[in-house]
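Q: Hey, dropping my_file-v8.txt in here, compact mmCIF, C-alpha atoms:
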```txt
# COMPACT_ATOMS: atom_id res chain seq x y z
CA MET N 17 -11.94 -69.50 -10.76
CA ARG N 18 -12.60 -70.82 -14.20
CA HIS N 19 -13.98 -67.60 -15.68
CA LEU N 20 -11.88 -64.85 -14.20
CA PHE N 21 -8.52 -66.37 -14.94
CA THR N 22 -9.14 -68.02 -18.31
CA LEU N 23 -7.77 -64.98 -20.11
CA ALA N 24 -4.76 -64.74 -17.83
CA CYS N 25 -3.90 -68.40 -18.33
CA LEU N 26 -4.42 -68.15 -22.07
CA GLY N 27 -2.12 -65.16 -22.33
CA THR N 28 0.57 -66.83 -20.24
CA CYS N 29 0.39 -70.07 -22.17
CA LEU N 30 0.61 -68.37 -25.54
CA PHE N 31 3.47 -66.14 -24.45
CA THR N 32 5.40 -69.04 -22.94
CA GLY N 33 4.83 -71.16 -26.02
CA ALA N 34 6.03 -68.41 -28.33
CA ILE N 35 9.22 -67.90 -26.32
CA GLY N 36 9.92 -71.62 -26.41
CA VAL N 37 9.53 -71.80 -30.16
CA GLN N 38 11.63 -68.71 -30.82
CA ALA N 39 14.43 -69.70 -28.47
CA GLN N 40 14.82 -73.07 -30.17
CA ASN N 41 14.52 -71.60 -33.67
CA GLU N 42 11.90 -74.19 -34.60
CA PRO N 43 10.06 -73.81 -37.91
CA ALA N 44 6.35 -73.02 -37.68
CA SER N 45 5.48 -76.46 -38.98
CA SER N 46 7.43 -78.40 -36.33
CA PRO N 47 5.43 -80.82 -34.11
CA LYS N 48 6.25 -78.85 -30.94
CA ALA N 49 5.15 -75.55 -32.45
CA GLU N 50 1.86 -77.09 -33.56
CA GLN N 51 1.09 -77.93 -29.92
CA VAL N 52 0.57 -74.23 -29.14
CA ALA N 53 -3.19 -73.70 -29.31
CA LEU N 54 -4.52 -70.38 -30.53
CA GLN N 55 -7.88 -69.55 -29.01
CA SER N 56 -10.28 -66.70 -29.52
CA GLY N 57 -10.67 -64.10 -26.81
CA PRO N 58 -14.02 -62.82 -25.53
CA ARG N 59 -16.51 -61.35 -27.98
CA VAL N 60 -18.46 -58.86 -25.92
CA VAL N 61 -21.81 -57.78 -27.29
CA GLY N 62 -24.05 -55.14 -25.75
CA GLU N 63 -27.69 -54.30 -26.24
CA VAL N 64 -30.42 -52.10 -24.81
CA PHE N 65 -32.36 -54.13 -22.26
CA GLU N 66 -35.79 -52.77 -21.41
CA TYR N 67 -37.97 -53.65 -18.44
CA ALA N 68 -40.96 -51.93 -16.92
CA THR N 69 -42.67 -51.41 -13.58
CA GLY N 70 -45.04 -48.86 -12.13
CA GLY N 71 -45.95 -47.56 -15.56
CA THR N 72 -42.35 -46.56 -16.39
CA THR N 73 -40.00 -48.18 -18.88
CA TYR N 74 -36.36 -48.55 -17.87
CA GLN N 75 -33.58 -48.83 -20.45
CA GLY N 76 -30.73 -50.90 -19.11
CA TYR N 77 -27.65 -52.12 -20.93
CA LEU N 78 -26.95 -55.86 -21.17
CA ALA N 79 -23.42 -57.09 -21.92
CA ARG N 80 -22.37 -60.70 -22.46
CA ASN N 81 -19.59 -62.73 -24.02
CA ALA N 82 -21.00 -64.22 -27.22
CA SER N 83 -18.03 -66.61 -27.44
CA ILE N 84 -19.44 -68.60 -24.49
CA ASP N 85 -22.18 -71.10 -25.35
CA GLN N 86 -23.22 -72.05 -21.83
CA PRO N 87 -25.36 -69.85 -19.52
CA GLN N 88 -23.30 -67.73 -17.14
CA PRO N 89 -23.84 -66.03 -13.75
CA ALA N 90 -25.44 -62.59 -13.76
CA VAL N 91 -24.26 -59.33 -12.17
CA LEU N 92 -26.20 -56.08 -11.86
CA VAL N 93 -24.24 -52.84 -12.26
CA VAL N 94 -25.82 -49.79 -10.59
CA HIS N 95 -24.67 -46.45 -11.97
CA GLU N 96 -23.40 -43.27 -10.30
CA TRP N 97 -25.77 -40.40 -9.59
CA TRP N 98 -25.34 -39.12 -13.16
CA GLY N 99 -27.44 -42.00 -14.51
CA LEU N 100 -26.71 -44.92 -16.80
CA ASP N 101 -23.79 -43.45 -18.71
CA GLY N 102 -20.74 -44.76 -20.55
CA TYR N 103 -18.86 -45.54 -17.34
CA ALA N 104 -21.48 -48.00 -16.08
CA ARG N 105 -21.65 -49.59 -19.54
CA ALA N 106 -17.86 -49.96 -19.61
CA ARG N 107 -17.92 -51.79 -16.28
CA ALA N 108 -20.62 -54.10 -17.64
CA ASP N 109 -18.45 -54.79 -20.69
CA GLN N 110 -15.50 -55.65 -18.43
CA LEU N 111 -17.60 -58.13 -16.47
CA ALA N 112 -18.91 -59.66 -19.69
CA ALA N 113 -15.37 -60.17 -20.97
CA LEU N 114 -14.69 -62.22 -17.84
CA GLY N 115 -17.64 -64.54 -18.40
CA PHE N 116 -20.50 -62.88 -16.53
CA VAL N 117 -23.74 -61.59 -17.99
CA ALA N 118 -23.83 -57.99 -16.78
CA LEU N 119 -26.85 -55.73 -16.69
CA ALA N 120 -26.22 -52.04 -16.09
CA VAL N 121 -29.58 -50.99 -14.70
CA ASP N 122 -31.42 -47.72 -15.30
CA MET N 123 -32.57 -46.33 -11.95
CA TYR N 124 -34.14 -43.12 -13.31
CA GLY N 125 -36.29 -44.42 -16.16
CA ASP N 126 -36.19 -43.91 -19.93
CA GLY N 127 -32.38 -43.79 -19.80
CA LYS N 128 -32.49 -40.34 -18.20
CA LEU N 129 -29.13 -38.65 -17.47
CA ALA N 130 -28.28 -35.73 -15.21
CA GLY N 131 -26.22 -32.89 -16.65
CA HIS N 132 -25.45 -31.06 -13.43
CA PRO N 133 -24.77 -32.12 -9.80
CA ALA N 134 -27.96 -30.39 -8.62
CA GLU N 135 -29.99 -32.45 -11.08
CA ALA N 136 -28.09 -35.61 -10.20
CA LYS N 137 -28.77 -35.01 -6.50
CA GLU N 138 -32.45 -34.52 -7.24
CA PHE N 139 -32.70 -37.72 -9.27
CA SER N 140 -30.76 -39.88 -6.81
CA SER N 141 -32.48 -38.46 -3.70
CA ARG N 142 -35.88 -39.19 -5.22
CA VAL N 143 -34.87 -42.84 -5.60
CA MET N 144 -33.43 -43.23 -2.11
CA GLN N 145 -36.42 -41.53 -0.46
CA ASP N 146 -38.81 -44.12 -1.89
CA TRP N 147 -37.09 -47.44 -1.35
CA PRO N 148 -40.16 -49.62 -2.07
CA ALA N 149 -40.36 -48.10 -5.57
CA ALA N 150 -36.59 -48.47 -6.04
CA ARG N 151 -36.77 -52.09 -4.96
CA ALA N 152 -39.63 -52.73 -7.38
CA ARG N 153 -37.63 -51.50 -10.36
CA LEU N 154 -34.61 -53.56 -9.28
CA GLU N 155 -36.81 -56.64 -8.88
CA ALA N 156 -38.24 -56.03 -12.36
CA ALA N 157 -34.72 -55.88 -13.79
CA MET N 158 -33.65 -59.04 -11.97
CA ALA N 159 -36.76 -60.95 -13.01
CA ARG N 160 -36.33 -60.12 -16.69
CA LEU N 161 -32.59 -60.77 -16.51
CA GLY N 162 -33.19 -64.19 -15.02
CA GLU N 163 -35.28 -65.10 -18.06
CA HIS N 164 -32.47 -64.34 -20.51
CA PRO N 165 -31.14 -67.53 -22.15
CA ALA N 166 -27.53 -66.47 -21.51
CA VAL N 167 -28.10 -66.33 -17.74
CA ALA N 168 -27.47 -69.41 -15.61
CA ASP N 169 -29.92 -70.56 -12.95
CA GLY N 170 -28.80 -69.64 -9.48
CA GLY N 171 -27.77 -66.53 -7.63
CA MET N 172 -26.95 -63.05 -8.84
CA ALA N 173 -24.69 -60.33 -7.52
CA ALA N 174 -24.80 -56.54 -7.66
CA ILE N 175 -22.07 -53.92 -7.79
CA GLY N 176 -22.60 -50.17 -7.57
CA TYR N 177 -20.72 -46.90 -7.74
CA CYS N 178 -21.39 -43.72 -5.72
CA PHE N 179 -25.22 -43.55 -5.67
CA GLY N 180 -25.15 -47.12 -7.01
CA GLY N 181 -23.06 -48.19 -4.03
CA SER N 182 -25.78 -46.84 -1.74
CA VAL N 183 -28.34 -48.79 -3.74
CA VAL N 184 -26.54 -52.15 -3.51
CA MET N 185 -25.93 -51.74 0.24
CA ASN N 186 -29.65 -51.18 0.69
CA MET N 187 -30.44 -54.13 -1.58
CA ALA N 188 -28.55 -56.29 0.90
CA LEU N 189 -30.09 -54.55 3.91
CA SER N 190 -33.58 -55.21 2.56
CA GLY N 191 -32.80 -58.91 2.06
CA MET N 192 -32.94 -59.01 -1.73
CA PRO N 193 -31.82 -62.32 -3.28
CA LEU N 194 -28.16 -61.62 -3.97
CA GLU N 195 -25.08 -63.70 -3.36
CA ALA N 196 -22.94 -60.58 -3.10
CA ALA N 197 -23.38 -56.81 -2.92
CA ILE N 198 -20.27 -54.76 -3.70
CA SER N 199 -20.11 -50.99 -3.20
CA PHE N 200 -17.47 -48.63 -4.59
CA HIS N 201 -17.34 -45.18 -2.96
CA GLY N 202 -21.00 -45.55 -2.02
CA VAL N 203 -22.57 -43.17 0.49
CA PRO N 204 -23.90 -45.37 3.34
CA THR N 205 -27.40 -43.90 3.45
CA VAL N 206 -29.91 -46.24 5.09
CA ALA N 207 -33.06 -46.11 2.95
CA VAL N 208 -34.64 -49.33 4.23
CA ASN N 209 -37.23 -48.98 6.98
CA MET N 210 -37.42 -52.67 7.88
CA PRO N 211 -34.12 -54.52 7.36
CA GLN N 212 -34.37 -58.20 6.46
CA ALA N 213 -32.07 -61.19 6.83
CA PHE N 214 -29.23 -61.34 4.32
CA GLU N 215 -26.68 -64.15 4.29
CA GLY N 216 -24.60 -63.07 1.32
CA SER N 217 -21.32 -61.17 1.12
CA VAL N 218 -21.18 -57.39 1.35
CA ARG N 219 -17.97 -55.68 0.36
CA ILE N 220 -17.66 -51.92 0.84
CA HIS N 221 -14.73 -50.24 -0.93
CA ASN N 222 -14.30 -46.74 0.43
CA GLY N 223 -11.84 -43.90 -0.07
CA ALA N 224 -10.30 -42.93 3.25
CA GLU N 225 -10.43 -39.27 2.18
CA ASP N 226 -13.99 -39.39 0.87
CA GLY N 227 -15.65 -36.17 1.98
CA PHE N 228 -19.11 -37.54 1.20
CA VAL N 229 -18.82 -40.49 3.60
CA ALA N 230 -18.96 -39.92 7.35
CA ARG N 231 -17.09 -42.58 9.30
CA ASP N 232 -19.95 -42.96 11.79
CA ASP N 233 -22.40 -43.57 8.94
CA LEU N 234 -20.10 -46.17 7.42
CA VAL N 235 -19.74 -47.99 10.72
CA ALA N 236 -23.50 -47.83 11.27
CA MET N 237 -24.24 -49.31 7.84
CA ALA N 238 -21.73 -52.12 8.34
CA GLY N 239 -23.20 -52.86 11.75
CA ALA N 240 -26.76 -52.91 10.42
CA LEU N 241 -25.76 -55.35 7.66
CA LYS N 242 -23.93 -57.60 10.10
CA ALA N 243 -26.99 -57.61 12.36
CA GLN N 244 -28.97 -59.11 9.46
CA GLY N 245 -26.44 -61.92 9.00
CA ALA N 246 -24.34 -60.51 6.17
CA ASP N 247 -20.65 -61.30 5.76
CA VAL N 248 -19.38 -57.72 5.75
CA MET N 249 -15.96 -56.34 4.93
CA VAL N 250 -15.10 -52.63 4.67
CA THR N 251 -11.87 -51.59 2.96
CA ASN N 252 -10.60 -48.03 3.26
CA TYR N 253 -8.05 -46.95 0.63
CA PRO N 254 -5.54 -44.43 2.03
CA GLY N 255 -5.49 -41.13 0.18
CA ALA N 256 -8.43 -42.06 -2.06
CA SER N 257 -11.29 -39.60 -2.53
CA HIS N 258 -14.87 -39.97 -3.71
CA GLY N 259 -15.14 -41.37 -7.23
CA PHE N 260 -11.72 -43.04 -7.04
CA THR N 261 -12.66 -45.77 -9.56
CA ASN N 262 -13.80 -43.44 -12.34
CA PRO N 263 -11.06 -42.10 -14.68
CA GLU N 264 -13.35 -39.15 -15.47
CA ALA N 265 -13.54 -38.09 -11.81
CA ASP N 266 -10.86 -35.40 -12.17
CA ALA N 267 -12.67 -33.83 -15.12
CA PHE N 268 -15.96 -33.84 -13.21
CA ALA N 269 -14.18 -32.27 -10.23
CA ALA N 270 -12.81 -29.44 -12.34
CA GLN N 271 -16.04 -28.86 -14.22
CA HIS N 272 -18.37 -28.85 -11.21
CA ASP N 273 -16.04 -27.95 -8.31
CA LEU N 274 -16.60 -31.28 -6.57
CA PRO N 275 -14.23 -33.16 -4.20
CA LEU N 276 -13.67 -36.05 -6.61
CA ALA N 277 -10.42 -37.68 -7.75
CA TYR N 278 -9.41 -40.78 -9.65
CA ASP N 279 -6.92 -43.06 -7.89
CA ALA N 280 -5.44 -45.72 -10.18
CA ALA N 281 -4.02 -47.84 -7.35
CA ALA N 282 -7.26 -47.88 -5.36
CA ASP N 283 -9.23 -48.55 -8.55
CA ALA N 284 -7.07 -51.55 -9.46
CA ALA N 285 -7.02 -52.98 -5.93
CA SER N 286 -10.76 -52.63 -5.37
CA TRP N 287 -11.60 -54.09 -8.80
CA GLN N 288 -9.39 -57.11 -8.21
CA ALA N 289 -10.97 -57.65 -4.80
CA ALA N 290 -14.44 -57.39 -6.32
CA LEU N 291 -13.63 -59.96 -9.00
CA LEU N 292 -12.40 -62.38 -6.35
CA THR N 293 -15.65 -61.88 -4.45
CA LEU N 294 -17.74 -62.49 -7.56
CA ASP N 295 -15.74 -65.59 -8.40
CA ALA N 296 -16.10 -66.99 -4.88
CA THR N 297 -19.84 -66.34 -4.66
CA LEU N 298 -21.10 -67.00 -8.20
CA ASN N 299 -18.77 -69.52 -9.82
CA ASP N 300 -18.63 -73.24 -9.19
CA ASN N 301 -15.15 -73.65 -7.71
CA ASP N 302 -15.47 -77.31 -6.72
```
Show this structure as C-alpha cells.
A:
Amino acid sequence: MRHLFTLACLGTCLFTGAIGVQAQNEPASSPKAEQVALQSGPRVVGEVFEYATGGTTYQGYLARNASIDQPQPAVLVVHEWWGLDGYARARADQLAALGFVALAVDMYGDGKLAGHPAEAKEFSSRVMQDWPAARARLEAAMARLGEHPAVADGGMAAIGYCFGGSVVMNMALSGMPLEAAISFHGVPTVAVNMPQAFEGSVRIHNGAEDGFVARDDLVAMAGALKAQGADVMVTNYPGASHGFTNPEADAFAAQHDLPLAYDAAADAASWQAALLTLDATLNDND
C-alpha cells in the first residue's frame, strides 16, 4: 500500500521523531535530531480536462499530485445527479493527494449543472436511458486519460456517487475495462441490455435507510454482476440515508425537501473501504 499510507507513515515518523528530540532536550544541531527527515506533502494540481464524442465536448476535471514524478494509476470519479460540481472535484483532489490521477468526468456535456431536482432527474434519466451513448462518453474520457503522461499503463478504476454510483455499476455490468467499480449510495438501475463478463471488484456502499434504493433492486443488481463474474460486496450502513457521503446533503434536503442526510461515520467507513479496494486492485503490492 505504498501510496495510500505514505502520508500516514510520514506523519507518524515526524511526530515520533519530534517527541524523541523534545523529551531528551537535544539541540537542533545534534546528530540524532538531524536524522529526522522533513519531506514535502502532496502538491495537488487540478485542471479542466476536455474530451469529445458524438459531437459534444465534455469538460472533466483532472487532479494529480505534482510532487510525484512517476506515472500513477488512474481513477474516474462520476458525479451525483447535480452534475460535475465542487463535491466531485473535491473527491478527485483527495484521490490525487493519495497518489492517484483522478478524473472527475462530465456526464452531461459542456460542464452543465442542474439547479433543481426536477432538472437533475431529467439530465440523469436521459443518460441512463441511452446506455450506448453514456458508454461512448465514458470510453472517450478513459481513452484520453490513458494518454496523459501522468497516468501509468495498466488498469483503471471508477467510483461514483448517487447517479454516479448507478453509472459505475453499469460500467461493470457492461464489461468495461475496470479493475474496480465502487458505488456510494448509487441507485441500482440496470441500464445495460446485454451484460458482459467482468472479472474486477465491485463494491456497493449503501445506506440502510436509503429511500431511493429498493432492497430487491439492490439484490438483483448484485446478482447480475456476480453472474458476469464480478467479485461483488454490498455494505449497508445502519441508519444512513441517501447522500450519506456528502456534507452538503443536509442543506440539499432542507432546500429541496429531499430524504437526504450526511452521516460522518458511514462516510468515513465507506471511504476507508474504498481506498483499500483501490490499493488492492491498482497498486503493485508485491
Q: Neighbours of Gln145 in chain N within 12 Å (all atoms listed in the file; same-chain residues fewer than 2 positions away dropped), as a ChimeraX atom specification?
A: /N:137-143,147-151,182-183,186,205-209
Q: Would you work out the distance separating CA of Ala282 in chain N from CA of Gly181 in chain N, expressed in Å to one decimal?
A: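 For CA of Ala282 in chain N relative to CA of Gly181 in chain N, the distance reads 15.9 Å.
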Q: When you draw a straight line from CA of Leu189 in chain N to CA of Val218 in chain N, how long is it in Å?
A: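 A separation of 9.7 Å between them.
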Q: Can you work out the spacing between CA of Gly76 in chain N and CA of Pro89 in chain N in Å, to one decimal?
A: 17.5 Å
Q: Which residues are close to range 101-106 of chain N, i.e. within 12 Å by all atoms listed in the file, leaving aside same-chain residues fewer than 5 positions away? Reply as a PyMOL selection string.
A: chain N and resi 60-65+75-80+92-96+111-113+118-124+127-131+175-180+259+261-265
Q: With all atoms listed in the file counted and 8 Å as the cut-off, give the residues of range 66-135 of chain N in contact with range 163-168 of chain N, each with its shortest interatomic distance in Å and the pair that gives it, as CSV.
A:
```
residue,atom,partner,partner_atom,distance
N:Arg80,CA,N:Ala166,CA,7.8
N:Gln86,CA,N:Ala166,CA,7.1
N:Pro87,CA,N:Ala168,CA,4.5
N:Gln88,CA,N:Ala168,CA,4.7
N:Pro89,CA,N:Ala168,CA,5.3
N:Ala90,CA,N:Val167,CA,6.1
N:Val117,CA,N:Val167,CA,6.4
```
Q: Identify, on the basis of only C-alpha atoms, every residue whose closest approach to Met192 in chain N does not exceed 9 Å; exclude the query and any residue fewer than 4 positions from it along the same chain; express the result as a list in words.
A: Arg151, Glu155, Asn186, Met187, Ala188, Gln212, Ala213 and Phe214 of chain N
Q: For a cut-off of 9 Å around (-13.3, -39.4, 2.4), file coordinates, pick out all residues using only C-alpha atoms and list them as a ChimeraX atom specification.
A: /N:201,222-231,255-258
Q: Taking all atoms listed in the file into account, name the residue in N:Ser199, N:Pro254, N:Ala267, N:Met158 that is nearest to Ala281 in chain N.
A: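 Ranking N:Ser199, N:Pro254, N:Ala267, N:Met158 by distance to Ala281 in chain N, first place goes to N:Pro254.
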Q: Just checking: using only C-alpha atoms, which residue out of N:Gly125, N:Pro133, N:Gly170, N:Gly162 ends up closest to Phe268 in chain N?
A: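 Ranked by minimum distance to Phe268 in chain N, first place goes to N:Pro133.
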Q: Nearest to Leu292 in chain N: which of N:Ala136, N:Leu114, N:Met144, N:Ala156 is it, counting only C-alpha atoms?
A: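 When distances to Leu292 in chain N are compared using only C-alpha atoms, the smallest one comes from N:Leu114.
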Q: Of the residues N:Gln244, N:Ser56, N:Ser217, N:Thr293, which is the one nearest to Ile84 in chain N, using all atoms listed in the file?
A: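 Closest residue, counting all atoms listed in the file: N:Ser56.
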